[in-house]
>>> print(open('data-v6.txt').read())   # compact mmCIF, C-alpha atoms and all ligand atoms
# COMPACT_ATOMS: atom_id res chain seq x y z
CA MET A 1 -195.73 9.22 219.24
CA VAL A 2 -192.56 9.68 221.25
CA GLU A 3 -191.32 12.97 222.68
CA ILE A 4 -187.56 13.32 222.64
CA ALA A 5 -185.40 15.78 224.57
CA VAL A 6 -182.75 16.48 221.94
CA GLU A 7 -179.21 16.52 223.31
CA ARG A 8 -177.05 16.92 220.20
CA ALA A 9 -177.80 17.70 216.58
CA ALA A 10 -175.40 17.80 213.65
CA ILE A 11 -175.08 20.48 210.99
CA ASN A 12 -174.74 18.73 207.64
CA PRO A 13 -174.55 20.27 204.14
CA SER A 14 -178.04 18.93 203.36
CA ASP A 15 -179.48 20.92 206.31
CA LEU A 16 -178.31 24.13 204.67
CA ILE A 17 -180.44 23.67 201.56
CA PRO A 18 -183.71 24.78 203.21
CA VAL A 19 -181.87 27.15 205.57
CA THR A 20 -180.35 29.10 202.68
CA GLY A 21 -183.63 29.11 200.75
CA ALA A 22 -182.45 26.84 197.94
CA TYR A 23 -185.27 24.82 196.32
CA ARG A 24 -187.63 27.02 198.35
CA ASN A 25 -190.75 25.62 196.71
CA ARG A 26 -189.98 22.32 198.48
CA THR A 27 -189.87 23.92 201.95
CA VAL A 28 -193.18 24.27 203.75
CA LEU A 29 -193.15 26.78 206.62
CA PRO A 30 -193.02 26.60 209.58
CA PHE A 31 -189.93 24.43 209.20
CA VAL A 32 -187.41 23.22 211.80
CA PRO A 33 -184.10 22.10 210.24
CA GLY A 34 -181.88 19.23 211.32
CA PHE A 35 -181.89 15.77 209.78
CA GLU A 36 -179.53 14.23 212.31
CA GLY A 37 -179.23 14.17 216.07
CA THR A 38 -179.82 12.21 219.21
CA GLY A 39 -181.69 12.58 222.45
CA THR A 40 -183.54 10.89 225.28
CA VAL A 41 -187.16 9.79 225.28
CA ARG A 42 -189.13 12.09 227.60
CA ARG A 43 -192.70 10.84 227.15
CA ILE A 44 -194.41 8.14 225.15
CA GLY A 45 -197.92 8.11 223.76
CA ALA A 46 -200.55 5.44 224.24
CA GLY A 47 -199.75 2.15 222.55
CA VAL A 48 -196.00 2.71 222.23
CA THR A 49 -194.06 -0.42 223.07
CA GLY A 50 -190.33 -1.06 222.94
CA LEU A 51 -189.38 2.46 224.06
CA LYS A 52 -189.64 4.10 227.48
CA PRO A 53 -188.70 7.42 229.07
CA GLY A 54 -184.93 7.65 229.52
CA ASP A 55 -184.03 5.59 226.43
CA ARG A 56 -181.44 7.13 224.09
CA VAL A 57 -182.71 7.26 220.52
CA LEU A 58 -181.92 8.39 217.00
CA PRO A 59 -184.99 9.80 215.26
CA LEU A 60 -184.73 9.13 211.51
CA GLY A 61 -186.61 10.12 208.42
CA ALA A 62 -187.53 13.78 209.02
CA THR A 63 -186.05 17.13 209.94
CA GLY A 64 -186.62 18.86 213.26
CA LEU A 65 -183.51 18.06 215.29
CA TRP A 66 -182.50 21.71 215.70
CA GLN A 67 -184.94 22.19 218.59
CA SER A 68 -185.12 21.18 222.24
CA TYR A 69 -188.08 18.80 222.07
CA LEU A 70 -189.19 16.75 219.10
CA GLN A 71 -192.20 14.50 218.64
CA ARG A 72 -191.81 11.62 216.19
CA PRO A 73 -193.68 8.38 215.50
CA ALA A 74 -192.14 5.60 217.59
CA GLU A 75 -191.50 3.51 214.47
CA TRP A 76 -188.99 6.18 213.32
CA CYS A 77 -187.04 6.21 216.61
CA PHE A 78 -184.11 3.80 216.86
CA PRO A 79 -182.30 2.86 220.09
CA VAL A 80 -178.70 4.05 220.56
CA PRO A 81 -176.29 1.56 222.19
CA ASP A 82 -174.98 2.64 225.61
CA ASP A 83 -171.32 2.39 224.61
CA LEU A 84 -171.55 5.18 222.02
CA SER A 85 -170.71 8.72 223.12
CA ILE A 86 -173.20 11.51 222.55
CA GLU A 87 -170.98 12.88 219.73
CA GLN A 88 -170.81 9.45 218.07
CA ALA A 89 -174.58 9.05 218.35
CA ALA A 90 -175.17 12.50 216.83
CA THR A 91 -173.07 11.62 213.77
CA ALA A 92 -174.06 7.96 213.48
CA TYR A 93 -176.62 8.21 210.74
CA VAL A 94 -176.40 10.53 207.71
CA ASN A 95 -172.80 10.12 206.62
CA PRO A 96 -172.15 6.52 207.73
CA MET A 97 -175.37 5.27 206.13
CA THR A 98 -174.69 7.23 202.92
CA THR A 99 -171.25 5.63 202.82
CA LEU A 100 -172.79 2.17 203.24
CA ARG A 101 -175.29 2.86 200.43
CA LEU A 102 -172.55 4.13 198.11
CA ILE A 103 -170.51 0.99 198.76
CA ALA A 104 -173.58 -1.18 198.13
CA GLU A 105 -174.12 0.64 194.80
CA LEU A 106 -170.49 0.08 193.80
CA LYS A 107 -170.72 -3.60 194.69
CA ALA A 108 -173.95 -3.94 192.73
CA HIS A 109 -172.29 -2.34 189.69
CA PHE A 110 -169.26 -4.60 189.78
CA GLY A 111 -171.23 -7.67 190.81
CA GLY A 112 -171.04 -9.53 194.07
CA SER A 113 -169.42 -8.88 197.40
CA SER A 114 -165.81 -9.47 196.20
CA GLY A 115 -166.25 -7.11 193.26
CA LEU A 116 -164.31 -4.18 194.70
CA SER A 117 -160.95 -5.85 195.25
CA GLY A 118 -158.38 -4.25 192.93
CA ARG A 119 -160.88 -1.75 191.50
CA ARG A 120 -159.44 1.73 190.94
CA ILE A 121 -161.79 4.12 192.69
CA GLY A 122 -161.51 7.90 192.87
CA VAL A 123 -163.31 9.87 195.59
CA THR A 124 -163.80 13.63 195.26
CA ALA A 125 -164.04 16.02 198.22
CA ALA A 126 -162.03 13.29 199.90
CA GLY A 127 -161.36 15.44 202.96
CA SER A 128 -165.08 15.66 203.77
CA ALA A 129 -166.59 13.45 206.45
CA ILE A 130 -168.05 11.03 203.88
CA GLY A 131 -164.91 11.21 201.73
CA ARG A 132 -162.80 10.03 204.64
CA MET A 133 -165.27 7.24 205.46
CA LEU A 134 -165.26 6.07 201.84
CA LEU A 135 -161.45 6.01 201.67
CA ILE A 136 -161.17 3.87 204.81
CA ALA A 137 -164.08 1.52 204.05
CA LEU A 138 -163.21 0.98 200.37
CA SER A 139 -159.51 0.45 201.16
CA ALA A 140 -160.63 -2.27 203.57
CA GLU A 141 -162.54 -3.84 200.65
CA GLY A 142 -159.24 -4.06 198.72
CA ALA A 143 -159.97 -1.22 196.29
CA GLU A 144 -157.09 0.93 194.95
CA MET A 145 -158.10 4.32 196.26
CA THR A 146 -157.33 7.81 195.01
CA ALA A 147 -158.33 10.77 197.16
CA ILE A 148 -159.22 13.72 194.94
CA VAL A 149 -158.98 17.00 196.87
CA ARG A 150 -158.77 20.67 196.01
CA SER A 151 -155.76 21.70 198.12
CA GLU A 152 -152.44 20.47 199.48
CA ALA A 153 -153.65 21.38 202.97
CA THR A 154 -156.54 18.92 202.65
CA ALA A 155 -154.24 16.28 201.15
CA ALA A 156 -151.96 16.61 204.19
CA ARG A 157 -154.72 15.61 206.61
CA LEU A 158 -156.08 12.59 204.75
CA PRO A 159 -156.04 9.28 206.66
CA ALA A 160 -152.76 7.34 206.30
CA LEU A 161 -153.88 4.29 204.33
CA PRO A 162 -151.60 1.81 202.55
CA GLY A 163 -151.42 2.51 198.81
CA LEU A 164 -153.60 5.63 198.97
CA GLN A 165 -152.94 7.97 196.02
CA THR A 166 -153.70 11.63 196.33
CA TRP A 167 -154.68 13.93 193.49
CA VAL A 168 -154.95 17.65 194.06
CA THR A 169 -157.24 18.87 191.28
CA GLY A 170 -155.41 21.06 188.78
CA GLN A 171 -152.16 19.10 189.27
CA GLN A 172 -150.86 15.95 187.54
CA LEU A 173 -151.00 12.62 189.35
CA ALA A 174 -147.34 11.65 188.96
CA GLY A 175 -146.43 8.31 187.40
CA LYS A 176 -149.97 7.01 186.95
CA ASP A 177 -152.49 6.93 184.18
CA VAL A 178 -155.45 8.53 185.83
CA VAL A 179 -158.29 6.28 184.73
CA PHE A 180 -160.68 4.91 187.31
CA ASP A 181 -163.12 2.01 187.31
CA ALA A 182 -165.41 4.08 189.51
CA LEU A 183 -165.69 7.69 190.57
CA VAL A 184 -167.65 8.68 193.67
CA ASP A 185 -168.37 12.37 193.39
CA ALA A 186 -169.73 15.01 195.76
CA VAL A 187 -168.43 18.04 193.86
CA GLY A 188 -170.12 18.06 190.44
CA GLY A 189 -169.51 21.07 188.18
CA GLU A 190 -166.25 21.39 186.27
CA THR A 191 -164.38 18.88 188.44
CA GLY A 192 -167.07 16.22 188.08
CA GLY A 193 -167.42 16.88 184.35
CA GLN A 194 -163.67 16.59 183.67
CA LEU A 195 -163.42 13.39 185.68
CA LEU A 196 -166.37 11.86 183.86
CA ARG A 197 -165.10 12.84 180.42
CA HIS A 198 -161.43 11.89 180.76
CA HIS A 199 -160.82 9.69 183.78
CA LEU A 200 -163.38 6.90 183.83
CA SER A 201 -162.77 3.61 182.03
CA PRO A 202 -165.43 2.19 179.68
CA GLY A 203 -167.92 0.11 181.67
CA GLY A 204 -167.14 2.14 184.77
CA VAL A 205 -169.57 3.91 187.05
CA PHE A 206 -169.83 7.58 188.01
CA LEU A 207 -171.70 7.69 191.29
CA GLN A 208 -172.74 11.17 192.32
CA TYR A 209 -174.16 11.98 195.74
CA GLY A 210 -173.53 15.70 196.18
CA ALA A 211 -172.76 18.95 194.37
CA LEU A 212 -170.53 20.94 196.71
CA SER A 213 -169.55 23.20 193.80
CA GLY A 214 -173.19 24.24 193.55
CA ILE A 215 -173.22 23.24 189.87
CA PRO A 216 -174.48 19.97 188.37
CA VAL A 217 -172.32 17.90 186.04
CA ALA A 218 -172.87 19.37 182.56
CA GLN A 219 -175.22 17.49 180.26
CA GLU A 220 -172.52 17.52 177.54
CA ALA A 221 -170.19 15.55 179.83
CA LEU A 222 -172.96 13.01 180.47
CA SER A 223 -173.75 12.74 176.75
CA ALA A 224 -170.06 12.28 175.93
CA ARG A 225 -169.89 9.05 177.95
CA PRO A 226 -172.60 6.62 176.84
CA ASP A 227 -170.11 3.83 177.65
CA VAL A 228 -170.30 4.34 181.44
CA ARG A 229 -173.08 4.28 184.01
CA PHE A 230 -174.04 7.54 185.70
CA ALA A 231 -176.10 7.25 188.87
CA PHE A 232 -177.23 9.61 191.61
CA LEU A 233 -177.62 8.34 195.15
CA TRP A 234 -180.08 9.82 197.65
CA LEU A 235 -179.95 8.47 201.20
CA ARG A 236 -183.50 9.73 201.58
CA SER A 237 -184.79 7.28 198.93
CA PHE A 238 -183.32 4.35 200.84
CA VAL A 239 -184.52 5.56 204.25
CA HIS A 240 -188.10 5.99 203.05
CA SER A 241 -188.32 2.68 201.22
CA ALA A 242 -186.18 0.29 203.28
CA GLY A 243 -188.50 -0.46 206.21
CA ARG A 244 -187.63 -0.57 209.89
CA GLN A 245 -185.81 -3.91 209.86
CA ALA A 246 -183.43 -2.89 207.06
CA LEU A 247 -182.86 0.48 208.73
CA SER A 248 -182.07 -1.23 212.05
CA SER A 249 -179.62 -3.49 210.29
CA ALA A 250 -177.99 -0.55 208.46
CA LEU A 251 -177.73 1.36 211.75
CA ALA A 252 -176.08 -1.64 213.39
CA HIS A 253 -173.38 -1.45 210.68
CA CYS A 254 -173.08 2.30 211.27
CA PHE A 255 -172.58 1.71 215.02
CA ASP A 256 -169.92 -0.94 214.31
CA GLY A 257 -168.13 1.52 212.03
CA LEU A 258 -168.19 4.13 214.79
CA ARG A 259 -166.69 1.65 217.22
CA ASP A 260 -163.82 0.61 214.92
CA GLY A 261 -163.17 4.18 213.71
CA THR A 262 -164.23 3.72 210.06
CA PHE A 263 -167.17 6.08 210.53
CA ALA A 264 -165.64 8.38 213.12
CA SER A 265 -166.30 12.08 212.48
CA GLU A 266 -163.96 14.74 213.75
CA ILE A 267 -165.91 17.33 215.76
CA ALA A 268 -164.88 20.93 215.03
CA ALA A 269 -167.04 22.49 217.77
CA THR A 270 -170.30 22.20 219.69
CA TYR A 271 -172.45 25.32 219.99
CA PRO A 272 -175.52 25.93 222.15
CA LEU A 273 -178.56 26.27 219.91
CA SER A 274 -178.91 29.85 221.21
CA ARG A 275 -175.69 30.62 219.24
CA ILE A 276 -176.92 29.15 215.95
CA SER A 277 -175.63 32.14 213.94
CA GLU A 278 -172.07 31.53 215.17
CA ALA A 279 -172.45 27.82 214.48
CA LEU A 280 -173.55 28.48 210.89
CA ALA A 281 -170.71 30.99 210.37
CA HIS A 282 -168.25 28.33 211.57
CA GLN A 283 -169.87 25.77 209.25
CA HIS A 284 -169.03 28.08 206.31
CA ALA A 285 -165.51 28.95 207.51
CA PRO A 286 -162.91 27.90 204.90
CA ASN A 287 -160.60 26.43 207.58
CA ARG A 288 -163.26 24.33 209.31
CA ILE A 289 -162.09 20.79 209.99
CA GLY A 290 -164.81 18.46 211.23
CA LYS A 291 -168.50 18.60 212.04
CA ILE A 292 -170.31 21.34 213.90
CA LEU A 293 -172.74 20.07 216.54
CA LEU A 294 -175.57 21.90 218.29
CA ASP A 295 -176.63 21.44 221.89
CA PRO A 296 -180.35 22.33 221.90
CA ARG A 297 -180.53 22.28 225.72
CA CYS A 298 -178.98 25.74 226.02
N1 LIG A 301 -176.98 12.16 198.45
C1 LIG A 301 -177.18 12.01 199.76
O1 LIG A 301 -178.12 11.37 200.19
C2 LIG A 301 -176.22 12.68 200.71
C3 LIG A 301 -176.20 12.33 202.06
C4 LIG A 301 -175.29 12.95 202.89
C5 LIG A 301 -174.42 13.91 202.37
N2 LIG A 301 -174.48 14.22 201.06
C6 LIG A 301 -173.55 15.20 200.46
O2 LIG A 301 -172.23 14.78 200.68
C7 LIG A 301 -171.37 15.89 200.60
C8 LIG A 301 -170.35 15.83 201.73
O3 LIG A 301 -171.02 15.91 202.97
P1 LIG A 301 -170.15 15.89 204.31
O4 LIG A 301 -171.07 15.98 205.46
O5 LIG A 301 -169.20 14.74 204.24
O6 LIG A 301 -169.36 17.26 204.15
P2 LIG A 301 -168.36 17.98 205.16
O7 LIG A 301 -167.77 17.02 206.12
O8 LIG A 301 -169.06 19.18 205.68
O9 LIG A 301 -167.15 18.42 204.22
C9 LIG A 301 -167.29 19.17 203.09
C10 LIG A 301 -165.85 19.43 202.59
O10 LIG A 301 -165.82 19.28 201.19
C11 LIG A 301 -164.83 20.12 200.66
N3 LIG A 301 -165.43 20.94 199.62
C12 LIG A 301 -166.39 21.87 199.76
N4 LIG A 301 -166.66 22.44 198.58
C13 LIG A 301 -165.85 21.85 197.68
C14 LIG A 301 -165.66 22.01 196.29
N5 LIG A 301 -166.36 22.91 195.60
N6 LIG A 301 -164.74 21.23 195.68
C15 LIG A 301 -164.03 20.34 196.37
N7 LIG A 301 -164.17 20.14 197.70
C16 LIG A 301 -165.08 20.89 198.34
C17 LIG A 301 -164.33 21.01 201.80
O11 LIG A 301 -163.09 20.47 202.25
P3 LIG A 301 -161.69 21.21 201.91
O12 LIG A 301 -161.91 22.66 202.27
O13 LIG A 301 -160.74 20.50 202.78
O14 LIG A 301 -161.45 21.00 200.46
C18 LIG A 301 -165.40 20.83 202.85
O15 LIG A 301 -164.90 20.96 204.16
C19 LIG A 301 -172.29 17.12 200.61
O16 LIG A 301 -172.43 17.58 199.29
C20 LIG A 301 -173.60 16.57 201.09
O17 LIG A 301 -174.71 17.32 200.66
C21 LIG A 301 -175.35 13.63 200.23
>>> encode(input="data-v6.txt", output="structure tokens")
Amino acid sequence: MVEIAVERAAINPSDLIPVTGAYRNRTVLPFVPGFEGTGTVRRIGAGVTGLKPGDRVLPLGATGLWQSYLQRPAEWCFPVPDDLSIEQAATAYVNPMTTLRLIAELKAHFGGSSGLSGRRIGVTAAGSAIGRMLLIALSAEGAEMTAIVRSEATAARLPALPGLQTWVTGQQLAGKDVVFDALVDAVGGETGGQLLRHHLSPGGVFLQYGALSGIPVAQEALSARPDVRFAFLWLRSFVHSAGRQALSSALAHCFDGLRDGTFASEIAATYPLSRISEALAHQHAPNRIGKILLDPRC
């Protein structure tokens, strides 16, 4: 085992599921939230090699980052390169790796590594951290991207990418037939259902990875489209089946994306863990732009 002094932890939507009591039969108490964060190794147990006190690490694969000290098996602790800032390290894992997995799924659907060039891909909740990462990374793959957002204010702060179309839900997308080869959805509910029913070409893929609306895509919408593939992506499934080598390799891609800006996350604020209530209120604030981080040292 390795004991880590946690220095920054992120608040992500998935952390709020146990915190709010959703799916409560899956939460075993006592429970410490926090899937993502970074810290420094404080002590190592007998037989641990490859890590020593003072090393910066990312502990993967379990919750518990919203506390000052965390003990994890050494095999689940991954070194953080020195050139990454503490904020970069604390946001290096969940969203960048989910983005990489979503892109891998899209490539698998369309076949081969060049399969995304010229594909029309719509991304919902495009102003979210993952939405922004998807827009940048898929544009770089040559895909024709449409950012689907719920307000003009969000549309106004999307990354400036060549050829990027923007669709504010409830409005028409001027001058374009809105049919996509792939939809990557984190909203679900009515928005996801309408997109699936009316805006996905036959043979396309609807890749869902979140339900920010709090409502799943209706079964009728799924039944209405036997001509497309519907898939749900869980980062957790990959993390717990990939093995350490594949996770190290995926993290190396995440770190590269942080360095070149593809996976950069805007930071809205950092709160001491002692002010967790304020941090959670800010997380829910309608005008929040960027991630909320916790500093568990104070
Ligand atoms: N499947 C997985 O393994 C996995 C892994 C990581 C994350 N996720 C999911 O990915 C999603 C995004 O995570 P994130 O960290 O990128 O989020 P985030 O940065 O916290 O951003 C969420 C943003 O989505 C927009 N939004 C919220 N509710 C919405 C709704 N009902 N309709 C449209 N837009 C809405 C809001 O932006 P505006 O106010 O600007 O519209 C909000 O700021 C979450 O659902 C999360 O649970 C899934």
>>> closest_residue(input="data-v6.txt", among="A:Gly127, A:Pro96, A:Gly163, A:Pro226", to="ligand LIG 301 (chain A)", atoms="all atoms listed in the file")
A:Gly127
>>> atom_distance(input="data-v6.txt", atom1="CA of Ala252 (chain A)", atom2="CA of Val80 (chain A)")
9.5 Å
>>> residues_around(input="data-v6.txt", residues="Asp55 (chain A)", least_positions_apart="6", cutoff="10 Å", atoms="only C-alpha atoms", output="ChimeraX atom specification")
/A:4,39-42,78-82
>>> axis_aligned_box(input="data-v6.txt", around="ligand LIG 301 (chain A)", padding_each_side="6 Å", output="AutoDock Vina command-line options")
--center_x -169.4 --center_y 17.1 --center_z 200.9 --size_x 29.4 --size_y 23.5 --size_z 22.5
>>> residues_around(input="data-v6.txt", residues="Ile292 (chain A)", least_positions_apart="5", cutoff="10 Å", atoms="all atoms listed in the file", output="list of chain:residue names")
A:Ala9, A:Ala10, A:Ile11, A:Asn12, A:Glu266, A:Ile267, A:Ala268, A:Ala269, A:Thr270, A:Tyr271, A:Ala279, A:Leu280, A:His282, A:Gln283
>>> residues_near_ligand(input="data-v6.txt", ligand="ligand LIG 301 (chain A)", cutoff="7 Å", atoms="only C-alpha atoms and all ligand atoms", output="JSON, numbers by chain")
{"A": [12, 13, 14, 94, 95, 98, 124, 125, 127, 128, 129, 130, 131, 149, 150, 151, 154, 186, 187, 209, 210, 211, 212, 213, 233, 234, 235, 236, 286, 287, 288, 289, 290, 291]}
>>> closest_residue(input="data-v6.txt", among="A:Val179, A:Ala140, A:Ala46, A:Ala90", to="Glu7 (chain A)", atoms="only C-alpha atoms")
A:Ala90
>>> atom_distance(input="data-v6.txt", atom1="CA of Ser265 (chain A)", atom2="CA of Tyr93 (chain A)")
11.2 Å
>>> closest_residue(input="data-v6.txt", among="A:Thr27, A:Gly45, A:Met145, A:Arg8", to="Val57 (chain A)", atoms="all atoms listed in the file")
A:Arg8
>>> closest_residue(input="data-v6.txt", among="A:Leu60, A:Gly34, A:Ala153, A:Ala143", to="Gly243 (chain A)", atoms="only C-alpha atoms")
A:Leu60
>>> closest_residue(input="data-v6.txt", among="A:Met1, A:Ala104, A:Val48, A:Ile17", to="Phe35 (chain A)", atoms="only C-alpha atoms")
A:Ile17
>>> build_atoms(input="data-v6.txt", residues="region 234-259 of chain A", atoms="N, CA and C atoms", output="PDB file, in the frame of the given file")
ATOM      1  N   TRP A 234    -179.420   9.050 196.588  1.00  0.00           N
ATOM      2  CA  TRP A 234    -180.080   9.820 197.650  1.00  0.00           C
ATOM      3  C   TRP A 234    -180.272   8.912 198.850  1.00  0.00           C
ATOM      4  N   LEU A 235    -179.697   9.262 199.982  1.00  0.00           N
ATOM      5  CA  LEU A 235    -179.950   8.470 201.200  1.00  0.00           C
ATOM      6  C   LEU A 235    -181.441   8.433 201.504  1.00  0.00           C
ATOM      7  N   ARG A 236    -182.078   9.581 201.287  1.00  0.00           N
ATOM      8  CA  ARG A 236    -183.500   9.730 201.580  1.00  0.00           C
ATOM      9  C   ARG A 236    -184.344   8.637 200.905  1.00  0.00           C
ATOM     10  N   SER A 237    -184.007   8.298 199.656  1.00  0.00           N
ATOM     11  CA  SER A 237    -184.790   7.280 198.930  1.00  0.00           C
ATOM     12  C   SER A 237    -184.701   5.940 199.660  1.00  0.00           C
ATOM     13  N   PHE A 238    -183.485   5.614 200.108  1.00  0.00           N
ATOM     14  CA  PHE A 238    -183.320   4.350 200.840  1.00  0.00           C
ATOM     15  C   PHE A 238    -184.088   4.386 202.150  1.00  0.00           C
ATOM     16  N   VAL A 239    -183.931   5.472 202.908  1.00  0.00           N
ATOM     17  CA  VAL A 239    -184.520   5.560 204.250  1.00  0.00           C
ATOM     18  C   VAL A 239    -186.045   5.413 204.178  1.00  0.00           C
ATOM     19  N   HIS A 240    -186.638   6.010 203.127  1.00  0.00           N
ATOM     20  CA  HIS A 240    -188.100   5.990 203.050  1.00  0.00           C
ATOM     21  C   HIS A 240    -188.661   4.777 202.319  1.00  0.00           C
ATOM     22  N   SER A 241    -187.803   3.888 201.874  1.00  0.00           N
ATOM     23  CA  SER A 241    -188.320   2.680 201.220  1.00  0.00           C
ATOM     24  C   SER A 241    -187.843   1.396 201.899  1.00  0.00           C
ATOM     25  N   ALA A 242    -186.832   1.509 202.778  1.00  0.00           N
ATOM     26  CA  ALA A 242    -186.180   0.290 203.280  1.00  0.00           C
ATOM     27  C   ALA A 242    -187.029  -0.488 204.282  1.00  0.00           C
ATOM     28  N   GLY A 243    -187.775   0.226 205.128  1.00  0.00           N
ATOM     29  CA  GLY A 243    -188.500  -0.460 206.210  1.00  0.00           C
ATOM     30  C   GLY A 243    -187.645  -0.515 207.466  1.00  0.00           C
ATOM     31  N   ARG A 244    -188.319  -0.681 208.602  1.00  0.00           N
ATOM     32  CA  ARG A 244    -187.630  -0.570 209.890  1.00  0.00           C
ATOM     33  C   ARG A 244    -186.539  -1.629 210.082  1.00  0.00           C
ATOM     34  N   GLN A 245    -186.811  -2.850 209.639  1.00  0.00           N
ATOM     35  CA  GLN A 245    -185.810  -3.910 209.860  1.00  0.00           C
ATOM     36  C   GLN A 245    -184.511  -3.611 209.109  1.00  0.00           C
ATOM     37  N   ALA A 246    -184.635  -3.197 207.849  1.00  0.00           N
ATOM     38  CA  ALA A 246    -183.430  -2.890 207.060  1.00  0.00           C
ATOM     39  C   ALA A 246    -182.711  -1.666 207.618  1.00  0.00           C
ATOM     40  N   LEU A 247    -183.497  -0.697 208.129  1.00  0.00           N
ATOM     41  CA  LEU A 247    -182.860   0.480 208.730  1.00  0.00           C
ATOM     42  C   LEU A 247    -182.130   0.099 210.017  1.00  0.00           C
ATOM     43  N   SER A 248    -182.739  -0.770 210.826  1.00  0.00           N
ATOM     44  CA  SER A 248    -182.070  -1.230 212.050  1.00  0.00           C
ATOM     45  C   SER A 248    -180.768  -1.928 211.722  1.00  0.00           C
ATOM     46  N   SER A 249    -180.820  -2.754 210.688  1.00  0.00           N
ATOM     47  CA  SER A 249    -179.620  -3.490 210.290  1.00  0.00           C
ATOM     48  C   SER A 249    -178.544  -2.530 209.772  1.00  0.00           C
ATOM     49  N   ALA A 250    -178.958  -1.538 208.962  1.00  0.00           N
ATOM     50  CA  ALA A 250    -177.990  -0.550 208.460  1.00  0.00           C
ATOM     51  C   ALA A 250    -177.393   0.241 209.621  1.00  0.00           C
ATOM     52  N   LEU A 251    -178.246   0.617 210.593  1.00  0.00           N
ATOM     53  CA  LEU A 251    -177.730   1.360 211.750  1.00  0.00           C
ATOM     54  C   LEU A 251    -176.731   0.527 212.554  1.00  0.00           C
ATOM     55  N   ALA A 252    -177.012  -0.770 212.657  1.00  0.00           N
ATOM     56  CA  ALA A 252    -176.080  -1.640 213.390  1.00  0.00           C
ATOM     57  C   ALA A 252    -174.698  -1.597 212.725  1.00  0.00           C
ATOM     58  N   HIS A 253    -174.661  -1.575 211.385  1.00  0.00           N
ATOM     59  CA  HIS A 253    -173.380  -1.450 210.680  1.00  0.00           C
ATOM     60  C   HIS A 253    -172.743  -0.077 210.935  1.00  0.00           C
ATOM     61  N   CYS A 254    -173.593   0.952 210.977  1.00  0.00           N
ATOM     62  CA  CYS A 254    -173.080   2.300 211.270  1.00  0.00           C
ATOM     63  C   CYS A 254    -172.434   2.320 212.661  1.00  0.00           C
ATOM     64  N   PHE A 255    -173.112   1.714 213.651  1.00  0.00           N
ATOM     65  CA  PHE A 255    -172.580   1.710 215.020  1.00  0.00           C
ATOM     66  C   PHE A 255    -171.251   0.945 215.067  1.00  0.00           C
ATOM     67  N   ASP A 256    -171.190  -0.188 214.347  1.00  0.00           N
ATOM     68  CA  ASP A 256    -169.920  -0.940 214.310  1.00  0.00           C
ATOM     69  C   ASP A 256    -168.810  -0.076 213.730  1.00  0.00           C
ATOM     70  N   GLY A 257    -169.133   0.663 212.666  1.00  0.00           N
ATOM     71  CA  GLY A 257    -168.130   1.520 212.030  1.00  0.00           C
ATOM     72  C   GLY A 257    -167.686   2.657 212.937  1.00  0.00           C
ATOM     73  N   LEU A 258    -168.587   3.115 213.803  1.00  0.00           N
ATOM     74  CA  LEU A 258    -168.190   4.130 214.790  1.00  0.00           C
ATOM     75  C   LEU A 258    -167.234   3.525 215.805  1.00  0.00           C
ATOM     76  N   ARG A 259    -167.528   2.298 216.199  1.00  0.00           N
ATOM     77  CA  ARG A 259    -166.690   1.650 217.220  1.00  0.00           C
ATOM     78  C   ARG A 259    -165.280   1.380 216.685  1.00  0.00           C
TER      79      ARG A 259
END
